[in-house]
Amino acid sequence: QQQMQHTGSNPSLMHGHPGGPKPQSDMYASMPPQAGKLAPGQMPPQGQLQQSNTQVYGSWAGPVPTSYESGPKKEIKLCETNKEKLMYQTLADVFAILKAADHLERAWRKSSVSDENYTKEMWKLINQFKSIRDANKETLPDPLRFIEEYKMDIPSGMHRLLVVGLPATVEHGEGGTNTAASKEKEKTGRNIAQATASFITAMDAVKLNMVAVDQLLPLLTDLVENLHKVDRLGDVEGKDRLKTWLSKLNSMRAVDTLNSADVRQLSLDLENCYASFHRKLDEL
């Protein structure tokens with residue numbers, strides 16, 4: 001009777017669950033969650049997550065994104081103008097040529113490429129590199145700085161393109177464009193005539209004060225190559241001096257010019273080499 005007075009007149013509260021009082025765990029489960037808290041194992045309704053940026057776990061609440069897309073996708077452009085686009089394409093070409101020259105040089109050293117194919121392809125890379133460099137004097141950075149900036153590990157390609165400017169077969173006087181098959185087809189007289197013309201052209205250019213790098217470098221390159229073709233003459237005295245000049249010109253910018261002392265020395269080296277060339281012709 002005292003218990004009924006305490007609980008009221010409802011007899012169902014006297015005998016436990018389901019007729020009597022509910023267990024404590026069920027009572028907590030049926031209670032609405034407090035703000036920022038959830039009962040153990042209980043997740044908030046889906047509508048609550050959509051309406052709020054707050055994810056609730058137990059007694060901790062933290063912000064979570066309701067969507068992974070904050071807005072329309074935007075295209076990130078590498079360049080804004082055609083001029084910038086052309087500049088990046090040029091830099092990509094220079095990068096590819098430097099890498100190709102390095103791989104070709106190392107492949108030739110391992111005898112993976114024949115002398116003839118090596119010389120042909122290396123001349124192509126050298127001429128492409130010079131053409132790009134001369135056509136982009138204002139925009140193209142210094143090659144050494146370019147190699148350092150892009151962390152290019154290409155010692156062989158750098159030596160071949162920037163220092164020597166000649167295929168190794170021409171530099172060392174071995175192999176090159178005159179293999180056993182091609183020697184029989186080439187006429188010695190034509191090669192001699194080409195070498196003679198190259199000598200005269202180079203010497204005339206110096207006398208006319210055409211002493212800029214982009215004026216002299218092609219002439220000396222043709223001269224050394226044509227001298228190499230006349231293999232019957234053997235080593236022409238002064239040819240190594242011309243190779244030294246090629247290395248020096250390759251290390252300079254296209255707009256640079258030789259000073260008066262260098263001009264006089266180059267003129268003397270050309271004349272001495274030309275005289276030696278004619279002495280070799282008399283010995284044939």
# chains A, B, ... in the order shown; residues from 1 in each chain; ligands from 1

$ select_by_dssp --residues "segment 76-234 of chain A" --states "helix (DSSP H, G or I)" --output "VMD selection string"
chain A and resid 82 to 109 115 to 135 143 to 149 155 to 164 168 to 171 180 to 185 188 to 207 213 to 229 231 to 233

$ write_last_selection --atoms "C-alpha atoms" --output "CSV table (one decimal), in the first residue's frame"
chain,number,residue,atom,x,y,z
A,82,ASN,CA,50.7,32.3,-76.9
A,83,LYS,CA,54.1,33.8,-76.3
A,84,GLU,CA,54.3,32.1,-72.9
A,85,LYS,CA,53.1,28.8,-74.4
A,86,LEU,CA,55.8,29.0,-77.1
A,87,MET,CA,58.4,29.6,-74.4
A,88,TYR,CA,57.4,26.5,-72.5
A,89,GLN,CA,57.4,24.5,-75.6
A,90,THR,CA,60.9,25.7,-76.4
A,91,LEU,CA,62.2,24.8,-72.9
A,92,ALA,CA,60.7,21.4,-73.3
A,93,ASP,CA,62.5,20.9,-76.7
A,94,VAL,CA,65.8,22.0,-75.1
A,95,PHE,CA,65.3,19.6,-72.2
A,96,ALA,CA,64.6,16.7,-74.6
A,97,ILE,CA,67.6,17.5,-76.8
A,98,LEU,CA,70.0,17.6,-73.8
A,99,LYS,CA,68.6,14.3,-72.5
A,100,ALA,CA,68.8,12.6,-75.9
A,101,ALA,CA,72.4,13.7,-76.5
A,102,ASP,CA,73.4,12.3,-73.1
A,103,HIS,CA,71.8,9.0,-73.8
A,104,LEU,CA,73.2,8.8,-77.3
A,105,GLU,CA,76.7,9.6,-76.1
A,106,ARG,CA,76.6,6.9,-73.4
A,107,ALA,CA,75.1,4.3,-75.8
A,108,TRP,CA,77.9,4.9,-78.3
A,109,ARG,CA,80.6,4.4,-75.6
A,115,ASP,CA,79.8,5.1,-85.5
A,116,GLU,CA,77.8,6.0,-88.6
A,117,ASN,CA,74.5,6.2,-86.8
A,118,TYR,CA,76.0,7.9,-83.8
A,119,THR,CA,77.6,10.6,-86.0
A,120,LYS,CA,74.4,11.2,-88.0
A,121,GLU,CA,72.1,11.5,-85.0
A,122,MET,CA,74.6,13.5,-82.9
A,123,TRP,CA,75.0,16.1,-85.7
A,124,LYS,CA,71.2,16.3,-85.8
A,125,LEU,CA,71.0,17.0,-82.1
A,126,ILE,CA,73.9,19.5,-82.2
A,127,ASN,CA,72.3,21.4,-85.1
A,128,GLN,CA,68.8,21.4,-83.4
A,129,PHE,CA,70.3,22.7,-80.2
A,130,LYS,CA,72.2,25.5,-81.9
A,131,SER,CA,69.1,26.4,-84.0
A,132,ILE,CA,66.9,26.7,-81.0
A,133,ARG,CA,69.5,28.7,-79.0
A,134,ASP,CA,70.1,31.1,-81.9
A,135,ALA,CA,66.4,31.6,-82.5
A,143,PRO,CA,72.1,26.5,-70.8
A,144,LEU,CA,74.2,25.9,-67.7
A,145,ARG,CA,71.7,27.7,-65.5
A,146,PHE,CA,68.9,25.8,-67.2
A,147,ILE,CA,70.6,22.4,-66.5
A,148,GLU,CA,71.2,23.4,-62.9
A,149,GLU,CA,67.7,24.8,-62.3
A,155,PRO,CA,77.5,15.2,-68.0
A,156,SER,CA,78.0,13.5,-71.3
A,157,GLY,CA,75.3,15.5,-73.1
A,158,MET,CA,76.5,18.8,-71.6
A,159,HIS,CA,80.1,18.1,-72.7
A,160,ARG,CA,79.1,17.2,-76.2
A,161,LEU,CA,76.6,20.1,-76.8
A,162,LEU,CA,78.0,22.9,-74.8
A,163,VAL,CA,81.8,22.3,-74.7
A,164,VAL,CA,82.8,20.5,-77.8
A,168,ALA,CA,83.0,12.3,-80.6
A,169,THR,CA,83.9,10.5,-83.9
A,170,VAL,CA,84.8,13.8,-85.5
A,171,GLU,CA,86.5,15.2,-82.4
A,180,ALA,CA,84.1,1.4,-94.9
A,181,ALA,CA,81.0,1.4,-97.1
A,182,SER,CA,80.8,5.2,-97.6
A,183,LYS,CA,84.5,5.7,-98.2
A,184,GLU,CA,84.3,3.9,-101.5
A,185,LYS,CA,81.4,6.1,-102.7
A,188,THR,CA,88.4,12.4,-102.6
A,189,GLY,CA,88.5,15.3,-105.0
A,190,ARG,CA,85.1,16.6,-103.9
A,191,ASN,CA,86.1,16.4,-100.2
A,192,ILE,CA,89.3,18.3,-100.8
A,193,ALA,CA,87.4,21.0,-102.7
A,194,GLN,CA,84.9,21.3,-99.9
A,195,ALA,CA,87.7,21.6,-97.3
A,196,THR,CA,89.4,24.2,-99.4
A,197,ALA,CA,86.2,26.2,-99.8
A,198,SER,CA,85.7,26.1,-96.0
A,199,PHE,CA,89.2,27.4,-95.3
A,200,ILE,CA,88.7,30.3,-97.7
A,201,THR,CA,85.3,31.2,-96.4
A,202,ALA,CA,86.5,31.1,-92.7
A,203,MET,CA,89.6,33.2,-93.4
A,204,ASP,CA,87.6,35.8,-95.5
A,205,ALA,CA,85.1,36.1,-92.7
A,206,VAL,CA,87.8,37.0,-90.2
A,207,LYS,CA,89.3,39.5,-92.6
A,213,VAL,CA,80.0,33.9,-82.3
A,214,ASP,CA,77.0,33.2,-84.4
A,215,GLN,CA,79.0,34.2,-87.5
A,216,LEU,CA,82.2,32.2,-86.9
A,217,LEU,CA,80.8,29.1,-85.2
A,218,PRO,CA,79.0,27.6,-88.3
A,219,LEU,CA,82.0,28.3,-90.5
A,220,LEU,CA,84.6,26.6,-88.2
A,221,THR,CA,82.2,23.7,-87.7
A,222,ASP,CA,81.9,23.1,-91.4
A,223,LEU,CA,85.7,23.4,-91.8
A,224,VAL,CA,86.5,20.8,-89.2
A,225,GLU,CA,83.9,18.4,-90.5
A,226,ASN,CA,85.2,18.8,-94.1
A,227,LEU,CA,88.8,18.3,-92.9
A,228,HIS,CA,87.7,15.1,-91.2
A,229,LYS,CA,86.2,13.8,-94.4
A,231,ASP,CA,90.9,11.1,-94.2
A,232,ARG,CA,93.6,10.3,-96.7
A,233,LEU,CA,95.5,13.3,-95.6

$ residues_around --residues "Glu237 of chain A" --least-positions-apart "2" --cutoff "7 Å" --atoms "only C-alpha atoms" --output "PyMOL selection string"
chain A and resi 235+239+273+276

$ residues_around --residues "Val263 of chain A" --least-positions-apart "6" --cutoff "10 Å" --atoms "only C-alpha atoms" --output "number ranges by chain"
A: 206-207, 209-211, 257, 269

$ write_last_selection --atoms "all heavy atoms" --output "PDB file, in the first residue's frame"
ATOM      1  N   VAL A 206      86.973  36.299 -91.176  1.00  0.00           N
ATOM      2  CA  VAL A 206      87.797  36.960 -90.160  1.00  0.00           C
ATOM      3  C   VAL A 206      88.353  38.268 -90.706  1.00  0.00           C
ATOM      4  O   VAL A 206      88.386  39.296 -90.004  1.00  0.00           O
ATOM      5  CB  VAL A 206      88.928  36.020 -89.701  1.00  0.00           C
ATOM      6  CG1 VAL A 206      89.860  36.751 -88.731  1.00  0.00           C
ATOM      7  CG2 VAL A 206      88.356  34.786 -89.022  1.00  0.00           C
ATOM      8  N   LYS A 207      88.794  38.281 -91.974  1.00  0.00           N
ATOM      9  CA  LYS A 207      89.341  39.505 -92.571  1.00  0.00           C
ATOM     10  C   LYS A 207      88.277  40.594 -92.701  1.00  0.00           C
ATOM     11  O   LYS A 207      88.593  41.787 -92.618  1.00  0.00           O
ATOM     12  CB  LYS A 207      89.930  39.187 -93.941  1.00  0.00           C
ATOM     13  CG  LYS A 207      91.187  38.328 -93.894  1.00  0.00           C
ATOM     14  CD  LYS A 207      91.686  37.997 -95.286  1.00  0.00           C
ATOM     15  CE  LYS A 207      92.923  37.101 -95.220  1.00  0.00           C
ATOM     16  NZ  LYS A 207      93.402  36.727 -96.591  1.00  0.00           N
ATOM     17  N   ASN A 209      86.036  41.096 -90.577  1.00  0.00           N
ATOM     18  CA  ASN A 209      85.635  41.429 -89.197  1.00  0.00           C
ATOM     19  C   ASN A 209      84.282  40.829 -88.825  1.00  0.00           C
ATOM     20  O   ASN A 209      83.531  41.401 -88.020  1.00  0.00           O
ATOM     21  CB  ASN A 209      85.596  42.950 -88.987  1.00  0.00           C
ATOM     22  CG  ASN A 209      85.745  43.320 -87.522  1.00  0.00           C
ATOM     23  OD1 ASN A 209      86.432  42.621 -86.766  1.00  0.00           O
ATOM     24  ND2 ASN A 209      85.101  44.400 -87.102  1.00  0.00           N
ATOM     25  N   MET A 210      83.958  39.678 -89.399  1.00  0.00           N
ATOM     26  CA  MET A 210      82.757  38.942 -88.987  1.00  0.00           C
ATOM     27  C   MET A 210      83.162  38.025 -87.835  1.00  0.00           C
ATOM     28  O   MET A 210      83.382  36.825 -88.006  1.00  0.00           O
ATOM     29  CB  MET A 210      82.202  38.152 -90.171  1.00  0.00           C
ATOM     30  CG  MET A 210      81.771  39.015 -91.345  1.00  0.00           C
ATOM     31  SD  MET A 210      81.308  38.037 -92.804  1.00  0.00           S
ATOM     32  CE  MET A 210      79.988  37.013 -92.142  1.00  0.00           C
ATOM     33  N   VAL A 211      83.277  38.618 -86.652  1.00  0.00           N
ATOM     34  CA  VAL A 211      83.875  37.910 -85.533  1.00  0.00           C
ATOM     35  C   VAL A 211      82.879  37.657 -84.403  1.00  0.00           C
ATOM     36  O   VAL A 211      83.272  37.362 -83.269  1.00  0.00           O
ATOM     37  CB  VAL A 211      85.084  38.700 -84.986  1.00  0.00           C
ATOM     38  CG1 VAL A 211      86.211  38.690 -85.994  1.00  0.00           C
ATOM     39  CG2 VAL A 211      84.690  40.130 -84.629  1.00  0.00           C
ATOM     40  N   THR A 257      81.340  38.662 -79.162  1.00  0.00           N
ATOM     41  CA  THR A 257      82.309  38.820 -80.247  1.00  0.00           C
ATOM     42  C   THR A 257      83.720  38.611 -79.709  1.00  0.00           C
ATOM     43  O   THR A 257      83.986  38.834 -78.521  1.00  0.00           O
ATOM     44  CB  THR A 257      82.210  40.217 -80.889  1.00  0.00           C
ATOM     45  OG1 THR A 257      82.432  41.215 -79.874  1.00  0.00           O
ATOM     46  CG2 THR A 257      80.842  40.439 -81.515  1.00  0.00           C
ATOM     47  N   ASP A 269      96.000  31.020 -86.797  1.00  0.00           N
ATOM     48  CA  ASP A 269      95.773  29.572 -86.730  1.00  0.00           C
ATOM     49  C   ASP A 269      95.144  29.049 -88.016  1.00  0.00           C
ATOM     50  O   ASP A 269      95.485  27.949 -88.491  1.00  0.00           O
ATOM     51  CB  ASP A 269      94.875  29.245 -85.536  1.00  0.00           C
ATOM     52  CG  ASP A 269      95.578  29.469 -84.206  1.00  0.00           C
ATOM     53  OD1 ASP A 269      96.825  29.504 -84.197  1.00  0.00           O
ATOM     54  OD2 ASP A 269      94.888  29.615 -83.173  1.00  0.00           O
TER      55      ASP A 269
END
